[in-house]
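> Got query.txt for you, compact mmCIF, C-alpha atoms:
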# COMPACT_ATOMS: atom_id res chain seq x y z
CA VAL A 1289 108.79 49.54 43.37
CA THR A 1290 106.19 46.88 42.54
CA ASP A 1291 103.53 49.38 41.43
CA TYR A 1292 105.32 50.27 38.22
CA LEU A 1293 102.44 50.51 35.76
CA PRO A 1294 101.33 54.08 34.90
CA ALA A 1295 97.73 53.27 35.88
CA GLU A 1296 98.90 51.95 39.27
CA ARG A 1297 100.92 55.07 40.04
CA GLU A 1298 98.13 57.34 38.86
CA ARG A 1299 95.47 55.65 41.02
CA GLY A 1300 97.73 54.70 43.94
CA ILE A 1301 96.60 51.05 43.91
CA THR A 1302 98.02 47.70 42.85
CA ILE A 1303 96.44 46.29 39.68
CA GLN A 1304 98.85 43.54 38.67
CA SER A 1305 100.81 41.21 40.93
CA ALA A 1306 104.54 41.81 40.93
CA ALA A 1307 107.42 39.84 42.45
CA ILE A 1308 110.69 41.08 43.89
CA SER A 1309 113.49 39.35 45.79
CA PHE A 1310 115.82 40.85 48.37
CA PRO A 1311 118.18 39.70 51.14
CA TRP A 1312 117.30 40.30 54.79
CA ARG A 1313 119.79 39.94 57.62
CA LYS A 1314 122.69 37.64 56.76
CA ASP A 1315 120.98 34.33 56.14
CA VAL A 1316 117.53 35.07 54.70
CA ASN A 1317 116.34 35.85 51.20
CA ILE A 1318 112.73 37.01 50.94
CA ASN A 1319 110.73 36.58 47.74
CA LEU A 1320 107.84 39.03 47.95
CA ILE A 1321 104.74 39.05 45.74
CA ASP A 1322 102.68 42.23 45.99
CA THR A 1323 99.04 41.46 45.18
CA PRO A 1324 96.12 43.84 44.58
CA GLY A 1325 93.74 44.67 47.40
CA HIS A 1326 90.87 45.89 45.23
CA VAL A 1327 87.98 43.50 44.65
CA ASP A 1328 88.11 43.99 40.88
CA PHE A 1329 91.51 42.30 40.74
CA SER A 1330 90.85 39.28 42.98
CA VAL A 1331 91.99 36.91 40.23
CA GLU A 1332 95.54 38.17 40.77
CA VAL A 1333 95.34 37.15 44.44
CA ASN A 1334 94.08 33.67 43.50
CA ARG A 1335 97.00 33.17 41.13
CA ALA A 1336 99.56 34.32 43.67
CA VAL A 1337 98.29 32.08 46.50
CA ALA A 1338 99.16 29.00 44.44
CA VAL A 1339 102.89 29.78 44.68
CA LEU A 1340 103.14 31.38 48.14
CA ASP A 1341 104.58 29.82 51.28
CA GLY A 1342 103.14 32.41 53.68
CA GLY A 1343 101.29 35.69 53.61
CA VAL A 1344 100.99 39.07 55.29
CA LEU A 1345 97.42 40.36 55.50
CA ILE A 1346 97.23 44.16 55.63
CA VAL A 1347 94.42 45.67 57.72
CA ASP A 1348 93.62 49.38 57.79
CA ALA A 1349 94.02 50.78 61.31
CA VAL A 1350 90.98 53.03 60.84
CA ALA A 1351 88.58 50.90 58.78
CA GLY A 1352 89.53 47.51 60.22
CA VAL A 1353 88.58 44.35 58.32
CA GLN A 1354 86.76 45.20 55.10
CA ALA A 1355 84.81 43.04 52.65
CA GLN A 1356 87.83 42.40 50.40
CA THR A 1357 89.90 41.45 53.45
CA GLU A 1358 87.42 38.65 54.11
CA THR A 1359 87.66 37.50 50.48
CA VAL A 1360 91.46 37.37 50.62
CA TRP A 1361 91.30 35.51 53.95
CA ARG A 1362 89.03 32.83 52.49
CA THR A 1363 91.43 32.44 49.56
CA MET A 1364 94.44 32.06 51.86
CA ARG A 1365 92.69 29.48 54.04
CA SER A 1366 91.19 27.52 51.16
CA ASN A 1367 92.59 24.14 50.11
CA SER A 1368 92.35 25.11 46.44
CA SER A 1369 93.10 28.17 44.34
CA GLY A 1370 90.42 27.30 41.82
CA THR A 1371 92.63 24.81 39.98
CA ALA A 1372 93.13 21.07 40.14
CA ASN A 1373 96.01 21.57 42.59
CA MET A 1374 95.13 20.96 46.22
CA LEU A 1375 97.01 23.55 48.25
CA GLU A 1376 97.90 23.64 51.92
CA PRO A 1377 96.29 26.70 53.60
CA LEU A 1378 98.73 29.56 54.11
CA PRO A 1379 100.21 30.50 57.47
CA CYS A 1380 100.14 34.28 57.73
CA LEU A 1381 100.71 37.42 59.76
CA VAL A 1382 98.56 40.53 60.09
CA LEU A 1383 99.95 44.03 59.83
CA VAL A 1384 97.70 46.74 61.25
CA ASN A 1385 98.79 49.54 58.91
CA LYS A 1386 98.24 53.32 58.85
CA LEU A 1387 98.60 53.82 62.59
CA ASP A 1388 99.74 57.35 61.77
CA LYS A 1389 96.22 58.30 60.63
CA VAL A 1390 93.60 60.12 62.68
CA GLY A 1391 90.98 57.72 64.03
CA CYS A 1392 93.23 54.64 64.09
CA HIS A 1393 92.60 52.03 66.78
CA PHE A 1394 94.84 48.97 67.20
CA GLY A 1395 92.52 47.15 69.61
CA ASN A 1396 89.43 47.62 67.43
CA CYS A 1397 91.32 46.20 64.45
CA ILE A 1398 92.22 43.05 66.38
CA ASP A 1399 88.58 42.70 67.47
CA SER A 1400 87.39 43.03 63.86
CA VAL A 1401 89.88 40.36 62.77
CA ARG A 1402 88.59 38.04 65.49
CA ARG A 1403 84.92 38.65 64.59
CA LYS A 1404 85.10 38.69 60.79
CA LEU A 1405 87.86 36.22 59.89
CA PRO A 1406 86.75 32.70 60.94
CA GLY A 1407 89.39 30.63 62.67
CA SER A 1408 91.92 33.47 62.77
CA ASN A 1409 92.64 33.59 66.54
CA PRO A 1410 94.64 36.87 66.39
CA VAL A 1411 97.30 37.53 69.04
CA ALA A 1412 99.20 40.80 69.36
CA ILE A 1413 102.98 40.34 69.37
CA GLN A 1414 103.58 44.09 69.26
CA LEU A 1415 102.01 47.19 70.80
CA PRO A 1416 101.97 50.60 69.07
CA LEU A 1417 103.89 53.46 70.69
CA PHE A 1418 102.65 57.06 70.55
CA ARG A 1419 104.39 60.27 71.57
CA ASN A 1420 102.25 62.68 73.56
CA SER A 1421 103.02 66.24 74.65
CA ASP A 1422 102.64 67.03 78.34
CA THR A 1423 102.90 70.58 79.69
CA ASN A 1424 104.60 69.41 82.89
CA ASN A 1425 106.76 66.53 81.73
CA GLY A 1426 107.46 67.43 78.10
CA GLU A 1427 107.09 64.57 75.60
CA LEU A 1428 105.93 61.18 76.88
CA LEU A 1429 105.82 57.79 75.20
CA SER A 1430 102.72 55.72 75.81
CA VAL A 1431 101.13 52.48 74.67
CA SER A 1432 97.61 53.14 73.41
CA ASP A 1433 95.07 51.34 71.25
CA GLY A 1434 93.87 54.61 69.80
CA GLY A 1435 95.99 57.17 68.03
CA HIS A 1436 96.48 59.65 70.90
CA GLY A 1437 99.56 61.44 69.66
CA GLU A 1438 102.17 60.75 67.01
CA PHE A 1439 102.86 57.12 66.12
CA VAL A 1440 106.60 56.69 66.69
CA GLY A 1441 107.25 52.95 66.95
CA VAL A 1442 106.34 49.62 68.50
CA VAL A 1443 106.98 47.51 71.58
CA ASP A 1444 108.24 44.02 70.72
CA LEU A 1445 106.52 41.68 73.21
CA VAL A 1446 108.73 38.70 72.40
CA HIS A 1447 112.07 40.43 73.04
CA MET A 1448 110.63 43.07 75.40
CA ARG A 1449 112.17 46.03 73.63
CA SER A 1450 111.03 49.26 72.04
CA VAL A 1451 111.70 50.16 68.40
CA LEU A 1452 111.50 53.93 67.88
CA TYR A 1453 111.56 55.98 64.67
CA SER A 1454 112.45 59.66 64.48
CA ASP A 1455 111.49 60.00 60.80
CA ALA A 1456 110.93 57.94 57.64
CA THR A 1457 114.60 57.91 56.58
CA SER A 1458 116.49 57.32 59.85
CA ASP A 1459 117.35 53.90 61.21
CA PRO A 1460 115.18 52.80 64.15
CA VAL A 1461 116.48 53.06 67.70
CA VAL A 1462 116.11 49.74 69.55
CA ALA A 1463 116.14 49.75 73.36
CA LYS A 1464 115.46 47.06 75.94
CA LEU A 1465 112.63 47.76 78.35
CA ASN A 1466 113.71 48.27 81.95
CA LEU A 1467 111.89 45.43 83.71
CA ASP A 1468 113.30 46.44 87.12
CA ASP A 1469 111.96 50.00 87.03
CA ASN A 1470 109.69 50.39 90.07
CA GLU A 1471 109.27 54.15 89.87
CA SER A 1472 105.94 55.73 89.06
CA SER A 1473 106.92 57.06 85.66
CA SER A 1474 105.78 56.87 82.06
CA SER A 1475 108.49 54.30 81.30
CA CYS A 1476 107.27 52.16 84.21
CA GLN A 1477 103.68 52.35 82.96
CA LEU A 1478 104.83 51.39 79.46
CA THR A 1479 106.73 48.40 80.84
CA ALA A 1480 103.72 47.32 82.93
CA LYS A 1481 101.47 47.33 79.86
CA ALA A 1482 104.07 45.40 77.87
CA LEU A 1483 104.39 42.76 80.61
CA GLU A 1484 100.61 42.38 80.75
CA ALA A 1485 100.41 42.00 76.97
CA ARG A 1486 103.25 39.47 76.99
CA ALA A 1487 101.42 37.44 79.66
CA ASN A 1488 98.31 37.45 77.45
CA LEU A 1489 100.44 36.28 74.52
CA VAL A 1490 101.82 33.36 76.54
CA ALA A 1491 98.29 32.45 77.71
CA SER A 1492 97.01 32.47 74.11
CA LEU A 1493 99.86 30.23 72.97
CA ALA A 1494 99.26 27.89 75.91
CA ASP A 1495 95.83 27.10 74.47
CA VAL A 1496 97.32 25.75 71.22
CA ASP A 1497 100.88 24.59 72.04
CA GLU A 1498 101.83 21.91 74.59
CA VAL A 1499 105.26 23.35 75.36
CA MET A 1500 103.85 26.78 76.07
CA GLU A 1501 101.10 25.17 78.12
CA GLU A 1502 103.77 23.71 80.43
CA PHE A 1503 105.25 27.16 80.98
CA PHE A 1504 101.83 28.64 81.64
CA LEU A 1505 100.71 25.99 84.11
CA SER A 1506 104.07 26.07 85.91
CA GLU A 1507 103.85 29.88 86.09
CA VAL A 1508 107.30 30.11 84.52
CA ASP A 1509 108.05 32.92 82.08
CA PRO A 1510 109.58 31.42 78.91
CA SER A 1511 112.79 32.88 77.55
CA ASN A 1512 112.64 35.02 74.43
CA ALA A 1513 113.93 32.15 72.30
CA GLU A 1514 111.40 29.69 73.77
CA LEU A 1515 108.55 32.15 73.22
CA MET A 1516 109.62 32.76 69.62
CA ALA A 1517 109.85 29.01 69.00
CA GLY A 1518 106.34 28.46 70.40
CA LEU A 1519 105.00 31.35 68.35
CA ARG A 1520 106.55 29.90 65.20
CA ARG A 1521 105.03 26.46 65.85
CA ALA A 1522 101.59 27.98 66.40
CA THR A 1523 101.92 30.17 63.28
CA LEU A 1524 102.99 27.29 61.04
CA SER A 1525 100.10 25.15 62.31
CA ARG A 1526 97.75 28.12 61.68
CA SER A 1527 96.61 27.95 65.31
CA VAL A 1528 97.22 31.66 65.89
CA LEU A 1529 97.47 34.77 63.75
CA PRO A 1530 100.28 37.08 64.94
CA VAL A 1531 99.37 40.78 64.73
CA LEU A 1532 101.93 43.54 64.21
CA ALA A 1533 101.71 47.34 64.09
CA GLY A 1534 103.10 49.81 61.58
CA ALA A 1535 102.77 52.73 59.21
CA ALA A 1536 104.19 51.66 55.85
CA LEU A 1537 104.05 55.10 54.22
CA ARG A 1538 106.24 56.50 57.02
CA ASN A 1539 108.45 53.40 56.98
CA LYS A 1540 107.66 52.71 60.63
CA GLY A 1541 107.52 49.13 61.86
CA MET A 1542 108.82 47.62 58.62
CA GLU A 1543 112.09 46.17 59.99
CA PRO A 1544 110.29 44.24 62.77
CA LEU A 1545 107.78 43.03 60.16
CA LEU A 1546 110.57 41.66 57.96
CA ASP A 1547 112.14 40.00 61.02
CA CYS A 1548 108.82 38.28 61.77
CA ILE A 1549 108.49 37.16 58.15
CA ALA A 1550 111.92 35.55 58.43
CA ASP A 1551 111.34 34.06 61.91
CA LEU A 1552 107.70 32.97 61.81
CA LEU A 1553 106.61 32.24 58.25
CA PRO A 1554 107.67 29.00 56.53
CA SER A 1555 110.42 28.56 54.00
CA PRO A 1556 109.70 26.36 50.94
CA ILE A 1557 111.09 23.30 52.72
CA ASP A 1558 108.55 23.77 55.55
CA ARG A 1559 105.61 23.50 53.17
CA LEU A 1560 103.97 20.46 51.60
CA PRO A 1561 104.08 20.31 47.79
CA PRO A 1562 100.68 20.76 46.09
CA SER A 1563 98.73 17.58 45.40
CA ILE A 1564 97.68 17.06 41.80
CA THR A 1565 94.09 15.85 41.69
CA LYS A 1566 92.41 14.39 38.66
CA GLU A 1567 89.53 16.45 37.34
CA VAL A 1568 86.31 14.55 36.78
For this file, write the structure as structure tokens.

Amino acid sequence: VTDYLPAERERGITIQSAAISFPWRKDVNINLIDTPGHVDFSVEVNRAVAVLDGGVLIVDAVAGVQAQTETVWRTMRSNSSGTANMLEPLPCLVLVNKLDKVGCHFGNCIDSVRRKLPGSNPVAIQLPLFRNSDTNNGELLSVSDGGHGEFVGVVDLVHMRSVLYSDATSDPVVAKLNLDDNESSSSCQLTAKALEARANLVASLADVDEVMEEFFLSEVDPSNAELMAGLRRATLSRSVLPVLAGAALRNKGMEPLLDCIADLLPSPIDRLPPSITKEV
């Protein structure tokens, strides 16, 4: 939709920033600005940052953080967009995209974000789900960093549920994880990995948020609402960088991403207005 120029459609890249607005859920309206990712069009990113309240940084699941990713990160975390306006650094999310490609690796992407983007402190709030074929048990769902099988959805670590996609046009199937399943099965293994990842998420938030620190030290598992509230506080203060999983071309993981944009990123009233400084 936003890549409407003939040159953009011919090359398959964004050249000029474009803005669209759309409702999400019942109470949220999202104003989205699609900016170029190519280094030759960095000026478009600089212009857009001056009017944004939050951002979503897209990282290739195969290549990880690239040189232009680092440039965009510095722009988002800078106090100025190259003008006289002093801007508050942007809170943002990371989407590890193209998890449907051969050679993708979710864990390696998070490691590259941690190593190459200073001060990012990435924390996974989702895990990718892959479907594998087994000669004895048929098709199995598994959580894996690498793309071993077909990417079919994500595990939401905040709400402890799976979001599965059958194809690019069907609505996702959302199911709660069975936390009481003690059988030695693929579903039990999936739940165990999700519980471990959720515990790591709580531990990461405990390092930057006092409320979550109380839960961690008391060895009390926070409720979903309490965990989401702590994650929002840490995101708005830019103490953590939530990481999500998806495959945009296949329309997989996009609904959870939009939910996180609505729940975690600031609205205009949550942001400070830009300070006008006098040029010398």
> I need the residue nearest Gly1352 in chain A from this list: A:Glu1501, A:Glu1376, A:Asp1399, A:Asp1388. Use only C-alpha atoms for the distance.
A:Asp1399
> Of the candidates A:Val1528, A:Ala1351, A:Val1496, A:Val1360, which shows the shortest atom-to-atom distance to Ile1413 in chain A, using only C-alpha atoms?
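Closest residue, counting only C-alpha atoms: A:Val1528.
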> Which one of A:Ala1535, A:Asp1455, A:Asn1409, A:Ile1549 sits closest to Asp1495 in chain A if you count only C-alpha atoms?
A:Asn1409
> Considering all atoms listed in the file, return as a ChimeraX atom specification whatever protein or nucleic-acid residues lie within 12 Å of Ser1492 in chain A, sequence-local ones (same chain, fewer than 4 positions apart) excluded.
/A:1409-1413,1485-1488,1496-1498,1500-1501,1503-1504,1515,1518-1519,1522,1527-1530
> Figure out the distance between CA of Val1446 in chain A and CA of Cys1392 in chain A, please, to one decimal in Å.
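These two atoms are separated by 23.7 Å.
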> So the first atom is CA of Ala1491 in chain A and the second is CA of Phe1418 in chain A; what is the distance between them in Å, to one decimal place?
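CA of Ala1491 in chain A sits 26.0 Å away from CA of Phe1418 in chain A.
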> Please report the interatomic distance between CA of Pro1311 in chain A and CA of Val1331 in chain A in Å with one decimal.
28.5 Å
> Quick one: of A:Val1451, A:Asp1509, A:Ser1408, A:Leu1524, who's nearest to Leu1560 in chain A, counting all atoms listed in the file?
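Ranking A:Val1451, A:Asp1509, A:Ser1408, A:Leu1524 by distance to Leu1560 in chain A, first place goes to A:Leu1524.
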> Considering all atoms listed in the file, return as a compact mmCIF listing (two decimals) with C-alpha atoms, keeping the file's coordinate frame whatever protein or nucleic-acid residues lie within 9 Å of Asn1512 in chain A, sequence-local ones (same chain, fewer than 5 positions apart) excluded.

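Saved result, selection_29.txt, follows:
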# COMPACT_ATOMS: atom_id res chain seq x y z
CA VAL A 1446 108.73 38.70 72.40
CA HIS A 1447 112.07 40.43 73.04
CA MET A 1448 110.63 43.07 75.40
CA ALA A 1517 109.85 29.01 69.00
> Of the candidates A:Glu1438, A:Asp1341, A:Asp1444, A:Asp1459, which shows the shortest atom-to-atom distance to Ser1555 in chain A, using all atoms listed in the file?
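Closest to Ser1555 in chain A, using all atoms listed in the file: A:Asp1341.
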> Considering only C-alpha atoms, return as a list in words whatever protein or nucleic-acid residues lie within 7 Å of Lys1386 in chain A, sequence-local ones (same chain, fewer than 6 positions apart) excluded.
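The filter keeps Asp1348, Ala1349, Gly1534, Ala1535 and Ala1536 of chain A.
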> Counting only C-alpha atoms, figure out which residue out of A:Pro1554, A:Arg1520, A:Arg1559, A:Trp1361 gets nearest to Ile1318 in chain A.
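So, comparing all the options, the nearest one is A:Pro1554.
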> Do a neighbour search on Leu1483 in chain A at 12 Å with all atoms listed in the file, toss out local chain neighbours closer than 6 positions, and write the hits as a ChimeraX atom specification.
/A:1413-1415,1431,1443-1449,1465-1468,1476-1477,1489-1490,1509
> Do you know which residues are at most 9 Å from Val1344 in chain A counting only C-alpha atoms, after dropping those on the same chain fewer than 5 positions away, and could you put them as a PDB file with C-alpha atoms, in the frame of the given file?

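Once written, selection31.pdb looks like this:
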ATOM      1  CA  PRO A1379     100.210  30.500  57.470  1.00  0.00           C
ATOM      2  CA  CYS A1380     100.140  34.280  57.730  1.00  0.00           C
ATOM      3  CA  LEU A1381     100.710  37.420  59.760  1.00  0.00           C
ATOM      4  CA  VAL A1382      98.560  40.530  60.090  1.00  0.00           C
ATOM      5  CA  LEU A1383      99.950  44.030  59.830  1.00  0.00           C
ATOM      6  CA  ILE A1549     108.490  37.160  58.150  1.00  0.00           C
TER       7      ILE A1549
END
